[in-house]
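Asker: Encoded as structure tokens, here's the structure I'll be asking about.
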Number of protein chains: 2
Amino acid sequence: MDKNYTIAIDTMGGDNAPLCVIAGLDSIYDYLVENQINLLLFGNADKVAPIIAKYPRLNNISTFIQADDVVQGDDKPSKIIRSGRNTSMWKAIEAVRNKQADAVVSAGNTGCIMGISRLLISMIDGIRRPAITTLLPNAKNSYTTMLDLGANTECDENNIFQFAIMGSLYSKILLGNDRPKVGILNIGSEAGKGFDYLSLAEEKMHSHKDNISFDYFGFVEGDDIFNGKVDVITTDGFSGNVALKTLEGTSKFITNELKTSFKSSLSSLIGYLFMRKSIGAFKSKMDPRKYNGAVFLGLNGIVVKSHGGTDAFGFANAVKYAVRLVVNDFETKVQHEIEKVRE
Amino acid sequence: MDKNYTIAIDTMGGDNAPLCVIAGLDSIYDYLVENQINLLLFGNADKVAPIIAKYPRLNNISTFIQADDVVQGDDKPSKIIRSGRNTSMWKAIEAVRNKQADAVVSAGNTGCIMGISRLLISMIDGIRRPAITTLLPNAKNSYTTMLDLGANTECDENNIFQFAIMGSLYSKILLGNDRPKVGILNIGSEAGKGFDYLSLAEEKMHSHKDNISFDYFGFVEGDDIFNGKVDVITTDGFSGNVALKTLEGTSKFITNELKTSFKSSLSSLIGYLFMRKSIGAFKSKMDPRKYNGAVFLGLNGIVVKSHGGTDAFGFANAVKYAVRLVVNDFETKVQHEIEKVRE
């Protein structure tokens with residue numbers, strides 16, 4: 001356990017940066033030390049230094065690197081790729097490319113993080129496409145790993161199969177699922193449903209069943225994301241993104257409607273007081289900060305995108321994902337699994 | 001207003017058939033009479049006759065037709081197409097094909113309803129593909145019309161454009177939206193996002209803007225289904241089905257988690273008593289029976305699929321959709337709109 005790991009942090013990304021970034025890192029200081037993590041903090045000293053001054057122990061495990069510019073929330077990836085080399089995001093991602101860091105975490109603009117990462121960081125040997133991956137809470141008091149959520153509009157059977165391999169390793173490392181159950185997202189569970197490449201991906205799962213480290217479950221549908229029937233759902237980036245946005249919208253709609261009805265009368269306000277504790281438990285379970293972090297898997301280096309609107313608690317959780325993945329050597333494991341199924 | 005309309009009813013389809021079907025029809029007896037609707041009731045007399053006997057006034061507006069067999073919930077469409085000619089579902093759909101009925105309503109097996117309908121009923125002249133359409137409640141206290149929800153795995157720009165035409169007429173007739181706003185489901189709102197055929201569909205919307213009876217809004221994402229930003233969302237059947245199943249799953253998950261936390265302590269039970277009324281209002285607004293009914297649009301005849309698990313109230317709502325669409329001459333209007341954009 002003598003190995004040290006380095007995580008590059010874009011301190012300027014996100015609505016509440018750099019405060020929530022620095023405060024988030026400080027909140028898991030002991031965890032970072034235990035895991036022998038060094039931090040490279042990229043940002044504008046004028047803004048970041050006064051905040052670090054409030055959390056001085058972070059200096060023990062971090063190096064600050066000046067970056068004059070900041071990627072804005074509405075910057076187009078094309079613009080940043082042309083002229084964003086002095087942004088904290090670019091420099092943080094570049095640190096991974098230059099092997100100065102094992103992972104990078106940013107709460108900045110998703111499109112730019114993905115764009116810069118794909119440009120600068122090479123793919124793991126044998127991986128054809130990277131995938132955006134996230135955890136979603138499920139009815140079995142655990143989380144479903146889902147990928148790809150939008151990195152690739154169009155996919156083929158090889159991509160779907162490789163996403164299954166990466167997603168199952170992700171589930172294993174982050175949730176301890178020793179042999180995850182993997183499903184392919186489709187519009188029916190019967191064989192032959194949906195697009196041809198989905199059936200071909202299914203054939204690959206079967207023909208490689210002795211070489212893979214997960215159990216192939218079969219086709220699943222959108223309503224299986226939350227019931228915990230499988231641990232991992234593999235899909236193309238278009239369908240994955242539609243599903244992700246739809247579930248975010250549904251969840252927001254239902255909670256807003258519920259809030260409105262809670263406030264509709266005096267008796268419901270009184271009721272609310274009695275129920276505060278159980279409503280709190282519900283909120284805590286559904287708290288998106290707990291599973292904050294979409295990870296861009298398949299590159300030589302872990303790229304974690306924290307939600308832009310998150311707070312210190314949420315940002316810290318995103319950093320923890322990066323720590324778990326680098327400490328457990330996600331990349332080497334992916335390479336090993338891909339080697340086993342090489343055709 | 002001398003015109004009479006006929007609606008064919010599969011009395012045997014659905015978990016609670018034939019009771020909820022017959023009771024549902026009786027509950028809207030006055031509505032059916034006002035709209036000059038005659039019913040053709042298809043089913044097994046042994047089961048249906050004793051129930052009709054309890055609602056004798058239905059005899060004034062309906063004719064019973066014997067069908068010996070019933071499509072089961074797990075029957076494969078291929079099997080029914082081979083040997084299902086004596087089922088109540090087949091005969092009811094056949095009545096539309098034979099111009100004995102203007103519409104058909106069934107709460108039976110979706111795959112079989114779609115399969116038989118596509119086999120027996122021709123498409124509206126000019127329409128290339130039929131689409132499954134539904135209404136979803138939105139934050140503007142109205143409903144978003146969404147199609148296709150699974151009739152076509154793969155679509156092209158012509159299909160997406162035609163779905164927009166049919167969906168906007170649907171929204172106009174059922175919700176009174178005079179000039180509906182239409183969005184194309186995509187994974188980002190910027191031009192050029194997603195698949196090429198989506199950009200081509202967008203071009204069609206622009207080039208035909210003087211010939212269409214709706215306003216093209218632009219690309220929308222999954223979280224726009226519920227916010228009421230547009231009245232109609234057009235998409236391919238794969239993405240539409242993924243979105244539909246995902247929102248159903250999300251909604252079920254959240255309400256179950258909420259129920260669990262409500263029952264978690266005595267104080268939350270007391271709170272629940274105070275909140276009963278507002279929780280009731282919330283439930284009523286979200287009540288899926290109110291927008292029960294997926295309509296298979298694009299055929300020469302209206303095919304309505306009621307949810308299999310619905311009750312009399314839900315089934316009656318599905319029948320009302322059929323009534324509104326036939327009385328407002330949906331097919332002729334579609335033909336007219338398609339004619340205006342013929343290239």
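Each chain in the structure tokens gets a letter, A, B and so on, in the order shown; residues start at 1 in every chain, and ligands are counted from 1 in the order they appear.
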Up to 6 Å from chain A, what residues of chain B turn up? Count only C-alpha atoms and give them as a list in words.

Answerer: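 The answer, sorted by residue number, is Thr153, Gly194, Gly222, Asp223, Ser239, Val242, Ala243, Lys245, Thr246, Leu247, Gly249, Thr250, Ser261, Ser267, Ser268, Gly271, Phe274, Met275 and Ser278 of chain B.
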
Asker: Residues near stretch 77-82 of chain B, anyone? I mean within 12 Å using only C-alpha atoms, not counting same-chain ones fewer than 3 positions away, as a ChimeraX atom specification.

Answerer: /B:69-74,85-91,108-120

Asker: Applying 7 Å and only C-alpha atoms, which residues near B:Ile160 remain after dropping the ones on its own chain fewer than 6 positions away? List them as a ChimeraX atom specification.

Answerer: /B:201,234-236

Asker: Work out how far atom CA of B:Arg179 is from atom CA of B:Glu157, in Å to one decimal.

Answerer: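 If I compute the distance from atom CA of B:Glu157 to atom CA of B:Arg179, I get 21.6 Å.
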
Asker: Could you find all residues in stretch 32-242 of chain A that DSSP calls strand (DSSP E or B) from the backbone, and write them as a VMD selection string?

Answerer: chain A and resid 37 to 43 62 to 66 69 87 103 to 106 123 131 to 137 143 to 147 181 to 185 215 to 220 232 to 234

Asker: Would you save the residues of that selection, restricted to N, CA and C atoms, as a compact mmCIF listing (two decimals), in the first residue's frame?

Answerer:
```
# COMPACT_ATOMS: atom_id res chain seq x y z
N ILE A 37 -4.09 9.93 -1.38
CA ILE A 37 -4.43 10.74 -2.54
C ILE A 37 -3.74 12.11 -2.46
N ASN A 38 -3.05 12.48 -3.53
CA ASN A 38 -2.57 13.86 -3.69
C ASN A 38 -3.51 14.59 -4.63
N LEU A 39 -3.67 15.86 -4.40
CA LEU A 39 -4.56 16.65 -5.27
C LEU A 39 -3.77 17.67 -6.06
N LEU A 40 -4.15 17.84 -7.32
CA LEU A 40 -3.67 18.97 -8.10
C LEU A 40 -4.87 19.89 -8.27
N LEU A 41 -4.79 21.08 -7.70
CA LEU A 41 -5.93 22.00 -7.74
C LEU A 41 -5.70 23.05 -8.83
N PHE A 42 -6.52 23.03 -9.86
CA PHE A 42 -6.39 23.97 -10.97
C PHE A 42 -7.43 25.08 -10.82
N GLY A 43 -6.97 26.33 -10.89
CA GLY A 43 -7.94 27.42 -10.78
C GLY A 43 -7.25 28.76 -10.77
N SER A 62 -2.08 18.85 -1.26
CA SER A 62 -2.41 19.39 -2.58
C SER A 62 -1.40 20.40 -3.10
N THR A 63 -1.37 20.52 -4.41
CA THR A 63 -0.54 21.50 -5.09
C THR A 63 -1.47 22.38 -5.91
N PHE A 64 -1.31 23.67 -5.80
CA PHE A 64 -2.17 24.57 -6.58
C PHE A 64 -1.48 24.94 -7.89
N ILE A 65 -2.24 24.91 -8.98
CA ILE A 65 -1.68 25.30 -10.28
C ILE A 65 -2.57 26.37 -10.91
N GLN A 66 -1.97 27.45 -11.27
CA GLN A 66 -2.71 28.60 -11.80
C GLN A 66 -3.29 28.30 -13.20
N ASP A 69 -8.10 31.15 -17.10
CA ASP A 69 -9.47 31.18 -17.64
C ASP A 69 -10.39 30.15 -16.99
N THR A 87 -7.90 27.29 -19.56
CA THR A 87 -8.96 27.12 -18.55
C THR A 87 -8.53 26.07 -17.53
N ALA A 103 -6.82 10.72 -12.26
CA ALA A 103 -8.23 11.02 -12.48
C ALA A 103 -8.42 12.53 -12.44
N VAL A 104 -9.56 12.98 -12.98
CA VAL A 104 -9.90 14.40 -12.92
C VAL A 104 -11.36 14.52 -12.51
N VAL A 105 -11.66 15.51 -11.69
CA VAL A 105 -13.05 15.75 -11.28
C VAL A 105 -13.38 17.21 -11.57
N SER A 106 -14.52 17.43 -12.26
CA SER A 106 -14.97 18.78 -12.54
C SER A 106 -16.48 18.85 -12.43
N MET A 123 -7.94 6.23 -25.51
CA MET A 123 -8.83 5.22 -24.97
C MET A 123 -8.04 4.03 -24.44
N ALA A 131 -17.88 5.74 -22.52
CA ALA A 131 -19.31 5.82 -22.18
C ALA A 131 -19.51 6.63 -20.91
N ILE A 132 -20.58 7.43 -20.91
CA ILE A 132 -20.95 8.16 -19.70
C ILE A 132 -21.78 7.23 -18.82
N THR A 133 -21.39 7.15 -17.55
CA THR A 133 -21.94 6.15 -16.65
C THR A 133 -22.45 6.82 -15.39
N THR A 134 -23.57 6.34 -14.87
CA THR A 134 -24.01 6.87 -13.58
C THR A 134 -24.67 5.79 -12.75
N LEU A 135 -24.90 6.11 -11.48
CA LEU A 135 -25.64 5.22 -10.59
C LEU A 135 -27.01 5.83 -10.35
N LEU A 136 -28.04 4.99 -10.34
CA LEU A 136 -29.40 5.45 -10.06
C LEU A 136 -29.96 4.62 -8.93
N PRO A 137 -30.62 5.24 -7.95
CA PRO A 137 -31.13 4.49 -6.79
C PRO A 137 -32.20 3.49 -7.24
N TYR A 143 -28.07 0.58 -6.05
CA TYR A 143 -28.04 1.46 -7.22
C TYR A 143 -27.87 0.64 -8.49
N THR A 144 -28.52 1.11 -9.54
CA THR A 144 -28.36 0.50 -10.85
C THR A 144 -27.32 1.33 -11.61
N THR A 145 -26.33 0.65 -12.19
CA THR A 145 -25.33 1.33 -13.02
C THR A 145 -25.88 1.39 -14.44
N MET A 146 -25.85 2.58 -15.04
CA MET A 146 -26.38 2.69 -16.40
C MET A 146 -25.39 3.42 -17.29
N LEU A 147 -25.18 2.89 -18.50
CA LEU A 147 -24.31 3.50 -19.49
C LEU A 147 -24.68 3.02 -20.89
N LYS A 181 -25.47 -8.55 -12.44
CA LYS A 181 -26.41 -8.96 -13.49
C LYS A 181 -26.54 -7.80 -14.46
N VAL A 182 -26.37 -8.11 -15.74
CA VAL A 182 -26.38 -7.06 -16.76
C VAL A 182 -27.56 -7.25 -17.72
N GLY A 183 -28.27 -6.17 -18.00
CA GLY A 183 -29.35 -6.21 -18.99
C GLY A 183 -29.09 -5.22 -20.11
N ILE A 184 -29.62 -5.53 -21.29
CA ILE A 184 -29.54 -4.60 -22.43
C ILE A 184 -30.88 -3.87 -22.52
N LEU A 185 -30.85 -2.55 -22.58
CA LEU A 185 -32.10 -1.77 -22.67
C LEU A 185 -32.75 -2.00 -24.04
N ASP A 215 -23.11 -11.77 -15.08
CA ASP A 215 -24.16 -12.64 -15.61
C ASP A 215 -25.05 -11.85 -16.53
N TYR A 216 -25.20 -12.34 -17.75
CA TYR A 216 -26.09 -11.64 -18.67
C TYR A 216 -27.53 -12.03 -18.35
N PHE A 217 -28.36 -11.03 -18.10
CA PHE A 217 -29.75 -11.27 -17.67
C PHE A 217 -30.70 -11.36 -18.86
N GLY A 218 -30.51 -10.51 -19.87
CA GLY A 218 -31.43 -10.46 -21.01
C GLY A 218 -31.79 -9.02 -21.31
N PHE A 219 -32.82 -8.85 -22.16
CA PHE A 219 -33.30 -7.50 -22.46
C PHE A 219 -34.10 -6.96 -21.27
N VAL A 220 -33.94 -5.69 -21.00
CA VAL A 220 -34.76 -5.04 -19.97
C VAL A 220 -35.41 -3.81 -20.60
N VAL A 232 -26.73 -3.68 -13.79
CA VAL A 232 -26.14 -2.83 -14.83
C VAL A 232 -27.06 -2.84 -16.05
N ILE A 233 -27.28 -1.65 -16.63
CA ILE A 233 -28.03 -1.58 -17.89
C ILE A 233 -27.14 -0.94 -18.94
N THR A 234 -26.96 -1.65 -20.05
CA THR A 234 -26.13 -1.14 -21.14
C THR A 234 -27.02 -0.70 -22.30
```

Asker: Identify all residues of stretch 184-314 of chain B in alpha helix (DSSP H) (DSSP on the backbone) and supply them as a ChimeraX atom specification.

Answerer: /B:196-207,237-262,266-286,312-314
